[in-house]
>>> print(open('final_10.cif').read())   # mmCIF, C-alpha atoms
data_run
#
loop_
_atom_site.label_atom_id
_atom_site.label_comp_id
_atom_site.auth_asym_id
_atom_site.auth_seq_id
_atom_site.Cartn_x
_atom_site.Cartn_y
_atom_site.Cartn_z
CA THR A 1 2.64 -117.76 221.75
CA GLU A 2 5.37 -115.18 222.45
CA ALA A 3 7.50 -117.90 224.08
CA ALA A 4 7.26 -120.12 221.00
CA VAL A 5 8.14 -117.22 218.69
CA GLU A 6 11.13 -116.28 220.84
CA LYS A 7 12.35 -119.89 220.90
CA LYS A 8 12.02 -120.20 217.13
CA LEU A 9 13.72 -116.92 216.24
CA GLY A 10 16.34 -116.75 218.99
CA PRO A 11 17.58 -113.27 220.00
CA HIS A 12 15.17 -111.53 217.59
CA GLY A 13 12.19 -113.30 219.11
CA GLY A 14 11.90 -110.90 222.06
CA HIS A 15 11.36 -107.88 219.80
CA LEU A 16 8.82 -109.77 217.72
CA ALA A 17 7.02 -110.93 220.86
CA GLU A 18 6.51 -107.32 221.94
CA ALA A 19 5.20 -106.46 218.49
CA THR A 20 2.73 -109.35 218.59
CA LYS A 21 1.32 -108.11 221.90
CA ALA A 22 0.60 -104.73 220.29
CA LEU A 23 -1.02 -106.42 217.29
CA ARG A 24 -3.23 -108.54 219.48
CA ALA A 25 -4.39 -105.52 221.45
CA ALA A 26 -5.12 -103.51 218.31
CA ASP A 27 -6.86 -106.15 216.21
CA ALA A 28 -7.91 -109.45 217.77
CA THR A 29 -9.28 -110.92 214.51
CA GLY A 30 -6.24 -109.86 212.55
CA TRP A 31 -3.97 -111.36 215.17
CA VAL A 32 -5.75 -114.72 215.00
CA ARG A 33 -5.36 -114.80 211.21
CA LEU A 34 -1.70 -113.78 211.43
CA GLY A 35 -1.11 -116.47 214.05
CA ARG A 36 -2.69 -119.13 211.83
CA LEU A 37 -0.59 -117.96 208.90
CA ALA A 38 2.61 -118.14 210.94
CA ILE A 39 1.74 -121.64 212.19
CA ALA A 40 0.98 -122.83 208.65
CA VAL A 41 4.28 -121.52 207.28
CA LEU A 42 6.38 -122.79 210.22
CA THR A 43 4.73 -126.21 209.91
CA HIS A 44 5.63 -126.32 206.23
CA LEU A 45 9.21 -125.25 206.99
CA ASP A 46 9.51 -127.96 209.63
CA ALA A 47 8.15 -130.56 207.19
CA GLY A 48 10.68 -129.47 204.59
CA GLY A 49 13.52 -129.71 207.09
CA ALA A 50 12.42 -133.17 208.20
CA SER A 51 12.44 -134.42 204.62
CA GLY A 52 15.90 -133.00 204.00
CA ARG A 53 14.85 -130.53 201.30
CA GLU A 54 15.29 -126.78 201.42
CA LEU A 55 12.41 -124.52 200.38
CA THR A 56 13.16 -122.04 197.61
CA ALA A 57 11.88 -118.45 197.90
CA PRO A 58 9.18 -119.00 195.22
CA GLN A 59 8.01 -122.18 196.99
CA LEU A 60 7.66 -120.23 200.22
CA ALA A 61 5.69 -117.54 198.35
CA VAL A 62 3.34 -120.26 197.07
CA GLU A 63 2.77 -121.55 200.60
CA LEU A 64 2.17 -118.04 201.94
CA HIS A 65 -0.41 -117.31 199.26
CA ARG A 66 -2.16 -120.63 199.75
CA ALA A 67 -2.21 -120.35 203.56
CA THR A 68 -3.46 -116.75 203.44
CA ARG A 69 -6.36 -117.62 201.14
CA GLU A 70 -7.36 -120.63 203.25
CA ILE A 71 -7.32 -118.54 206.42
CA VAL A 72 -9.42 -115.77 204.85
CA LEU A 73 -11.99 -118.19 203.41
CA GLY A 74 -11.89 -120.83 206.14
CA SER A 75 -10.72 -124.42 206.24
CA SER A 76 -13.07 -125.43 203.39
CA ALA A 77 -11.08 -123.44 200.83
CA ALA A 78 -9.50 -125.37 197.97
CA SER A 79 -5.85 -126.19 198.59
CA ALA A 80 -4.50 -126.30 195.03
CA SER A 81 -4.00 -130.05 194.78
CA VAL A 82 -4.52 -132.92 192.36
CA GLY A 83 -7.26 -135.07 193.89
CA HIS A 84 -7.25 -137.69 191.13
CA SER A 85 -5.12 -138.26 188.04
CA ASP A 86 -5.50 -141.49 186.06
CA GLY A 87 -1.93 -142.26 185.07
CA GLU A 88 -2.94 -145.60 183.56
CA ALA A 89 -5.36 -143.91 181.16
CA MET A 90 -3.25 -141.01 179.89
CA THR A 91 0.39 -140.10 179.28
CA LEU A 92 2.00 -136.68 178.76
CA ARG A 93 4.22 -136.22 175.73
CA ASP A 94 5.53 -133.53 173.41
CA CYS A 95 3.34 -132.72 170.41
CA GLY A 96 6.11 -130.94 168.49
CA GLY A 97 6.32 -127.36 167.23
CA ASN A 98 4.67 -124.52 169.12
CA LYS A 99 1.84 -126.76 170.30
CA GLY A 100 3.95 -127.94 173.24
CA ARG A 101 2.89 -130.99 175.22
CA GLY A 102 -0.40 -132.79 175.59
CA PHE A 103 -2.10 -135.81 177.12
CA PHE A 104 -2.65 -138.94 174.99
CA ALA A 105 -4.80 -141.97 175.69
CA ALA A 106 -2.74 -144.89 177.00
CA LYS A 107 -5.60 -147.33 176.47
CA LYS A 108 -9.10 -147.47 175.00
CA LEU A 109 -11.33 -145.08 176.97
CA LYS A 110 -15.09 -145.26 177.30
CA LEU A 111 -17.63 -142.45 177.51
CA GLY A 112 -17.74 -141.01 181.04
CA HIS A 113 -14.23 -142.10 182.11
CA LEU A 114 -12.92 -139.74 184.82
CA LEU A 115 -9.38 -138.63 183.97
CA LEU A 116 -8.62 -135.82 186.40
CA VAL A 117 -9.87 -133.99 189.49
CA GLU A 118 -7.82 -130.93 190.38
CA GLU A 119 -8.08 -127.88 192.62
CA PRO A 120 -6.41 -124.72 191.27
CA PHE A 121 -4.26 -121.92 192.56
CA ILE A 122 -6.53 -118.85 192.50
CA PHE A 123 -5.24 -115.31 191.95
CA ASP A 124 -6.93 -111.95 191.51
CA ALA A 125 -5.89 -110.28 188.26
CA ASN A 126 -7.06 -107.00 189.81
CA ASP A 127 -4.49 -107.13 192.64
CA ASP A 128 -1.47 -104.83 192.51
CA ASP A 129 0.89 -107.77 193.04
CA PHE A 130 -0.90 -110.16 190.65
CA VAL A 131 2.02 -110.29 188.19
CA ALA A 132 4.49 -111.17 190.94
CA ILE A 133 2.27 -113.73 192.67
CA ALA A 134 1.45 -115.53 189.41
CA ALA A 135 5.12 -115.62 188.37
CA ALA A 136 6.20 -116.86 191.81
CA HIS A 137 3.70 -119.72 191.62
CA VAL A 138 5.04 -120.90 188.26
CA LEU A 139 8.59 -120.82 189.66
CA GLY A 140 7.44 -122.49 192.88
CA ILE A 141 5.97 -125.57 191.18
CA VAL A 142 8.67 -125.96 188.53
CA LYS A 143 9.87 -129.24 190.06
CA GLU A 144 6.36 -130.68 189.78
CA VAL A 145 5.50 -129.38 186.33
CA GLU A 146 7.21 -127.04 183.86
CA LEU A 147 4.66 -124.57 182.51
CA ARG A 148 5.82 -123.12 179.22
CA PRO A 149 5.60 -119.41 178.29
CA ASP A 150 3.58 -118.13 175.34
CA PRO A 151 5.79 -118.65 172.22
CA ASN A 152 4.23 -115.49 170.74
CA ASP A 153 5.28 -113.26 173.65
CA ALA A 154 7.89 -110.69 172.75
CA GLU A 155 11.11 -110.77 174.78
CA GLU A 156 10.55 -107.19 175.87
CA HIS A 157 7.15 -107.00 177.56
CA GLU A 158 5.78 -104.55 180.12
CA ASP A 159 4.35 -107.27 182.37
CA GLY A 160 7.65 -109.14 182.18
CA ASP A 161 9.42 -106.01 183.40
CA VAL A 162 6.97 -105.75 186.30
CA ALA A 163 7.52 -109.40 187.26
CA GLY A 164 11.28 -108.91 187.13
CA GLN A 165 11.10 -105.84 189.34
CA TRP A 166 8.88 -107.54 191.92
CA LEU A 167 10.91 -110.74 192.16
CA ARG A 168 14.44 -109.43 191.70
CA GLY A 169 15.04 -109.70 195.46
CA MET A 170 14.28 -113.44 195.51
CA LYS A 171 17.37 -115.58 195.85
CA GLY A 172 18.13 -117.48 192.66
CA VAL A 173 15.51 -115.69 190.52
CA SER A 174 16.72 -113.59 187.58
CA TRP A 175 14.77 -110.91 185.70
CA GLU A 176 14.52 -113.21 182.67
CA GLN A 177 13.20 -116.13 184.76
CA ALA A 178 10.56 -113.90 186.37
CA ALA A 179 9.40 -112.53 183.00
CA LYS A 180 9.15 -116.01 181.46
CA ALA A 181 7.33 -117.30 184.53
CA PHE A 182 4.61 -114.66 184.23
CA SER A 183 4.28 -115.37 180.51
CA ALA A 184 3.80 -119.05 181.42
CA ALA A 185 1.15 -118.12 184.01
CA LYS A 186 -0.78 -116.14 181.37
CA ASN A 187 -0.35 -118.88 178.78
CA ASN A 188 -1.66 -121.61 181.08
CA GLY A 189 -4.10 -119.73 183.33
CA PHE A 190 -7.89 -119.69 183.05
CA GLN A 191 -9.64 -116.34 183.55
CA THR A 192 -13.19 -116.93 184.72
CA THR A 193 -15.98 -115.82 187.05
CA MET A 194 -16.53 -117.24 190.56
CA PRO A 195 -19.43 -115.52 192.35
CA ALA A 196 -18.56 -117.05 195.74
CA ALA A 197 -14.84 -116.16 195.62
CA PRO A 198 -13.35 -112.98 197.14
CA GLU A 199 -11.32 -112.29 193.98
CA GLU A 200 -12.72 -109.60 191.66
CA GLU A 201 -11.06 -111.06 188.55
CA PRO A 202 -10.21 -114.69 189.33
CA MET A 203 -7.49 -116.44 187.37
CA LEU A 204 -7.10 -120.18 187.94
CA LEU A 205 -3.78 -121.94 187.47
CA PHE A 206 -3.79 -125.76 187.33
CA ARG A 207 -0.79 -128.06 187.36
CA LYS A 208 -2.25 -130.71 185.03
CA LEU A 209 -5.45 -129.36 183.47
CA CYS A 210 -3.40 -126.78 181.55
CA MET A 211 -1.60 -129.64 179.78
CA PHE A 212 -4.74 -130.57 177.83
CA ASN A 213 -4.70 -129.02 174.36
CA HIS A 214 -7.68 -127.44 172.60
CA SER A 215 -9.92 -128.90 169.92
CA CYS A 216 -13.10 -127.47 168.42
CA ILE A 217 -14.58 -130.97 168.54
CA PRO A 218 -12.96 -132.37 171.72
CA ASN A 219 -13.15 -135.88 173.11
CA CYS A 220 -13.06 -134.68 176.74
CA SER A 221 -14.89 -132.00 178.69
CA VAL A 222 -14.10 -129.95 181.80
CA TYR A 223 -16.71 -129.57 184.53
CA ARG A 224 -15.74 -126.85 187.01
CA ASP A 225 -17.21 -126.08 190.43
CA ASN A 226 -18.09 -122.36 190.44
CA CYS A 227 -17.52 -122.10 194.21
CA THR A 228 -14.13 -123.78 194.63
CA GLY A 229 -12.80 -123.82 191.06
CA THR A 230 -12.26 -127.58 191.28
CA ALA A 231 -12.11 -129.06 187.77
CA ARG A 232 -13.09 -132.55 186.62
CA VAL A 233 -12.10 -133.88 183.20
CA LEU A 234 -14.28 -136.65 181.72
CA VAL A 235 -14.20 -138.46 178.38
CA ILE A 236 -17.27 -137.48 176.31
CA ARG A 237 -16.84 -139.92 173.40
CA PRO A 238 -14.92 -143.19 172.99
CA VAL A 239 -11.17 -142.71 172.49
CA ASP A 240 -8.69 -145.15 170.92
CA PRO A 241 -5.17 -145.68 172.35
CA GLY A 242 -2.63 -143.12 171.13
CA THR A 243 -5.28 -140.46 170.40
CA GLU A 244 -4.68 -137.03 171.89
CA LEU A 245 -7.06 -136.11 174.72
CA THR A 246 -8.47 -132.64 174.08
CA ILE A 247 -10.84 -130.11 175.64
CA HIS A 248 -12.33 -126.87 174.32
CA TYR A 249 -10.97 -123.67 175.85
CA SER A 250 -14.19 -121.66 175.73
CA ASP A 251 -17.88 -122.59 175.68
CA GLU A 252 -18.55 -119.89 173.08
CA LEU A 253 -16.41 -121.74 170.53
CA ILE A 254 -18.67 -124.76 170.11
CA LEU A 255 -21.46 -122.90 168.29
CA LEU A 256 -19.30 -120.60 166.16
CA PRO A 257 -18.70 -121.30 162.45
CA THR A 258 -15.09 -121.80 161.36
CA GLN A 259 -14.27 -118.24 160.26
CA LEU A 260 -15.47 -116.61 163.47
CA ARG A 261 -14.00 -119.40 165.58
CA HIS A 262 -10.53 -118.94 164.06
CA ARG A 263 -10.70 -115.20 164.69
CA PHE A 264 -11.73 -115.78 168.30
CA ILE A 265 -9.01 -118.38 168.99
CA GLN A 266 -6.25 -116.31 167.39
CA GLY A 267 -7.23 -113.17 169.25
CA ARG A 268 -7.94 -114.77 172.63
CA PHE A 269 -5.39 -117.60 172.80
CA GLY A 270 -2.79 -116.66 170.19
CA PHE A 271 -2.70 -119.83 168.08
CA GLU A 272 -4.22 -121.26 164.91
CA CYS A 273 -6.38 -124.33 165.54
CA ARG A 274 -5.81 -127.26 163.16
CA CYS A 275 -8.16 -129.80 164.73
CA GLY A 276 -10.30 -132.17 162.66
CA ARG A 277 -13.24 -129.77 162.60
CA CYS A 278 -11.11 -126.81 161.48
CA SER A 279 -9.27 -128.80 158.80
CA GLY A 280 -12.46 -130.45 157.52
CA ASN A 281 -11.36 -134.01 158.34
CA ASP A 282 -13.86 -134.84 161.09
CA PRO A 283 -17.32 -136.04 159.89
CA SER A 284 -19.03 -134.98 163.13
CA GLY A 285 -17.42 -131.56 162.88
CA MET A 286 -18.58 -131.16 159.30
CA MET A 287 -22.16 -131.93 160.32
CA VAL A 288 -21.96 -129.18 162.96
CA GLU A 289 -20.46 -126.74 160.44
CA ALA A 290 -23.21 -127.49 157.90
CA ALA A 291 -25.91 -126.83 160.50
CA LEU A 292 -24.24 -123.61 161.64
CA GLY A 293 -23.82 -122.47 158.04
CA LYS A 294 -27.54 -122.75 157.42
CA THR A 295 -28.35 -120.83 160.59
CA VAL A 296 -25.77 -118.08 160.31
CA ASP A 297 -26.05 -117.50 156.55
CA GLY A 298 -29.86 -117.41 156.51
CA THR A 299 -31.36 -113.99 155.79
CA GLU A 300 -33.76 -114.39 158.71
CA ASP A 301 -30.79 -114.54 161.08
CA LEU A 302 -28.81 -111.50 159.91
CA ALA A 303 -29.19 -109.77 163.27
CA LYS A 304 -27.83 -112.81 165.10
CA ARG A 305 -24.94 -113.07 162.66
CA HIS A 306 -24.04 -109.41 163.19
CA VAL A 307 -24.06 -109.84 166.99
CA MET A 308 -21.79 -112.91 166.75
CA GLN A 309 -19.31 -111.11 164.49
CA MET A 310 -19.17 -108.05 166.76
CA ALA A 311 -18.66 -110.20 169.85
CA HIS A 312 -15.71 -112.12 168.40
CA ARG A 313 -13.72 -109.54 166.46
#
>>> encode(input="final_10.cif", output="structure tokens")
Amino acid sequence: TEAAVEKKLGPHGGHLAEATKALRAADATGWVRLGRLAIAVLTHLDAGGASGRELTAPQLAVELHRATREIVLGSSAASASVGHSDGEAMTLRDCGGNKGRGFFAAKKLKLGHLLLVEEPFIFDANDDDFVAIAAAHVLGIVKEVELRPDPNDAEEHEDGDVAGQWLRGMKGVSWEQAAKAFSAAKNNGFQTTMPAAPEEEPMLLFRKLCMFNHSCIPNCSVYRDNCTGTARVLVIRPVDPGTELTIHYSDELILLPTQLRHRFIQGRFGFECRCGRCSGNDPSGMMVEAALGKTVDGTEDLAKRHVMQMAHR
């Protein structure tokens, strides 16, 4: 209400109260949404104050984006949270080199073991402020998880410049931090299709799912809800303690022979895969490669081979 706004904002509240009356008269639906957004943000600010912690500008941007999307889609919208994470089954540790970190089995895991259920942040890569919003989210969750930028990104990058320009007014955020944050969003985000979502080009950013590394013959699989983006990670073959837990980054990769798969991974994700299947050390992977070799190299399948090569150049 106008009285509540005036009480919260002090002497400036009266001017804002007059503005809200005009908004309500002009657009009733818009006013209701704006009111819900204000309540959501003020509630979060109050909660932060009660716990003795001060919200940073990026954290506030994260809450604004989350609250706005929930209001637009309704209360059933995903709220970017980790619903389940089995800390007794997996541990996060550094893999060394450019590979970064990854999850490893903390105990023997059976087929079908549920490791993770997580709802993502969802952005629209087609939005004008996509670069800024994605970078702000990475900065906003830095205390929960540090998402690392792409090691192959050049220091001078057009998108990094855009992120720096958008976020330069945020207290405590430098141009360099903004540029690295957007690189981290790109490096850890999942671009996908979601028919039920309002985003034209959805990009999903997970806190924990992005910590799973890729393998062309993985021991885990991701099952994603096409409506909400919620991801579930399950073990798909028995895993011994100390073994890295891996997923595949693209469904298309499973049925590609090594040469085409390497080209796809390097071009799409920017790294060279050295998993058991790619290095020739995994018996199951070699069986798959042998079967694919017969299919792709057969003269009766030249048309199929040409299509596959064109699709993954």
>>> atom_distance(input="final_10.cif", atom1="CA of Pro149 in chain A", atom2="CA of Phe206 in chain A")
14.5 Å
>>> resolve_selection(input="final_10.cif", expression="the PyMOL selection byres ((chain A and resi 138) around 12)", output="PyMOL selection string")
chain A and resi 58-59+61-62+121+131-137+139-149+163+173+177-189+205-207
>>> write_last_selection(input="final_10.cif", atoms="C-alpha atoms", output="PDB file, in the coordinates of the input")
ATOM      1  CA  PRO A  58       9.180-119.000 195.220  1.00  0.00           C
ATOM      2  CA  GLN A  59       8.010-122.180 196.990  1.00  0.00           C
ATOM      3  CA  ALA A  61       5.690-117.540 198.350  1.00  0.00           C
ATOM      4  CA  VAL A  62       3.340-120.260 197.070  1.00  0.00           C
ATOM      5  CA  PHE A 121      -4.260-121.920 192.560  1.00  0.00           C
ATOM      6  CA  VAL A 131       2.020-110.290 188.190  1.00  0.00           C
ATOM      7  CA  ALA A 132       4.490-111.170 190.940  1.00  0.00           C
ATOM      8  CA  ILE A 133       2.270-113.730 192.670  1.00  0.00           C
ATOM      9  CA  ALA A 134       1.450-115.530 189.410  1.00  0.00           C
ATOM     10  CA  ALA A 135       5.120-115.620 188.370  1.00  0.00           C
ATOM     11  CA  ALA A 136       6.200-116.860 191.810  1.00  0.00           C
ATOM     12  CA  HIS A 137       3.700-119.720 191.620  1.00  0.00           C
ATOM     13  CA  LEU A 139       8.590-120.820 189.660  1.00  0.00           C
ATOM     14  CA  GLY A 140       7.440-122.490 192.880  1.00  0.00           C
ATOM     15  CA  ILE A 141       5.970-125.570 191.180  1.00  0.00           C
ATOM     16  CA  VAL A 142       8.670-125.960 188.530  1.00  0.00           C
ATOM     17  CA  LYS A 143       9.870-129.240 190.060  1.00  0.00           C
ATOM     18  CA  GLU A 144       6.360-130.680 189.780  1.00  0.00           C
ATOM     19  CA  VAL A 145       5.500-129.380 186.330  1.00  0.00           C
ATOM     20  CA  GLU A 146       7.210-127.040 183.860  1.00  0.00           C
ATOM     21  CA  LEU A 147       4.660-124.570 182.510  1.00  0.00           C
ATOM     22  CA  ARG A 148       5.820-123.120 179.220  1.00  0.00           C
ATOM     23  CA  PRO A 149       5.600-119.410 178.290  1.00  0.00           C
ATOM     24  CA  ALA A 163       7.520-109.400 187.260  1.00  0.00           C
ATOM     25  CA  VAL A 173      15.510-115.690 190.520  1.00  0.00           C
ATOM     26  CA  GLN A 177      13.200-116.130 184.760  1.00  0.00           C
ATOM     27  CA  ALA A 178      10.560-113.900 186.370  1.00  0.00           C
ATOM     28  CA  ALA A 179       9.400-112.530 183.000  1.00  0.00           C
ATOM     29  CA  LYS A 180       9.150-116.010 181.460  1.00  0.00           C
ATOM     30  CA  ALA A 181       7.330-117.300 184.530  1.00  0.00           C
ATOM     31  CA  PHE A 182       4.610-114.660 184.230  1.00  0.00           C
ATOM     32  CA  SER A 183       4.280-115.370 180.510  1.00  0.00           C
ATOM     33  CA  ALA A 184       3.800-119.050 181.420  1.00  0.00           C
ATOM     34  CA  ALA A 185       1.150-118.120 184.010  1.00  0.00           C
ATOM     35  CA  LYS A 186      -0.780-116.140 181.370  1.00  0.00           C
ATOM     36  CA  ASN A 187      -0.350-118.880 178.780  1.00  0.00           C
ATOM     37  CA  ASN A 188      -1.660-121.610 181.080  1.00  0.00           C
ATOM     38  CA  GLY A 189      -4.100-119.730 183.330  1.00  0.00           C
ATOM     39  CA  LEU A 205      -3.780-121.940 187.470  1.00  0.00           C
ATOM     40  CA  PHE A 206      -3.790-125.760 187.330  1.00  0.00           C
ATOM     41  CA  ARG A 207      -0.790-128.060 187.360  1.00  0.00           C
TER      42      ARG A 207
END
>>> closest_residue(input="final_10.cif", among="A:Ala290, A:Leu209, A:Ala125, A:Leu109", to="Leu256 in chain A", atoms="only C-alpha atoms")
A:Ala290
>>> resolve_selection(input="final_10.cif", expression="the PyMOL selection byres ((chain A and resi 218) around 8)", output="number ranges by chain")
A: 214-217, 219-221, 245-248
>>> closest_residue(input="final_10.cif", among="A:Asn226, A:Leu204, A:Phe190, A:Met287", to="Arg268 in chain A", atoms="only C-alpha atoms")
A:Phe190
>>> closest_residue(input="final_10.cif", among="A:Leu292, A:Val233, A:Ala105, A:Val239", to="Thr258 in chain A", atoms="all atoms listed in the file")
A:Leu292
>>> closest_residue(input="final_10.cif", among="A:Ile122, A:Ile254, A:Leu64, A:Val222", to="Met203 in chain A", atoms="only C-alpha atoms")
A:Ile122
>>> resolve_selection(input="final_10.cif", expression="the PyMOL selection byres ((chain A and resi 257) around 10)", output="PyMOL selection string")
chain A and resi 253-256+258-262+278+288-293+295-296+308
>>> residues_around(input="final_10.cif", residues="range 113-119 of chain A", least_positions_apart="6", cutoff="9 Å", atoms="all atoms listed in the file", output="ChimeraX atom specification")
/A:78-87,89-90,205-209,228-236
>>> closest_residue(input="final_10.cif", among="A:Val162, A:Cys210, A:Cys273, A:Ile39", to="Pro120 in chain A", atoms="only C-alpha atoms")
A:Cys210
>>> atom_distance(input="final_10.cif", atom1="CA of Glu63 in chain A", atom2="CA of Thr43 in chain A")
10.6 Å
>>> closest_residue(input="final_10.cif", among="A:Glu70, A:Glu244, A:Glu272, A:Asp150", to="Leu92 in chain A", atoms="all atoms listed in the file")
A:Glu244
>>> atom_distance(input="final_10.cif", atom1="CA of Phe212 in chain A", atom2="CA of Ser250 in chain A")
13.2 Å
>>> residues_around(input="final_10.cif", residues="Asn126 in chain A", least_positions_apart="3", cutoff="9 Å", atoms="all atoms listed in the file", output="MDAnalysis selection string")
chainID A and resid 123 129:130 199:202
>>> residues_around(input="final_10.cif", residues="Gly164 in chain A", least_positions_apart="3", cutoff="8 Å", atoms="all atoms listed in the file", output="list in words")
Gly160, Asp161, Leu167, Arg168, Ser174, Trp175, Glu176, Gln177, Ala178 and Ala179 of chain A
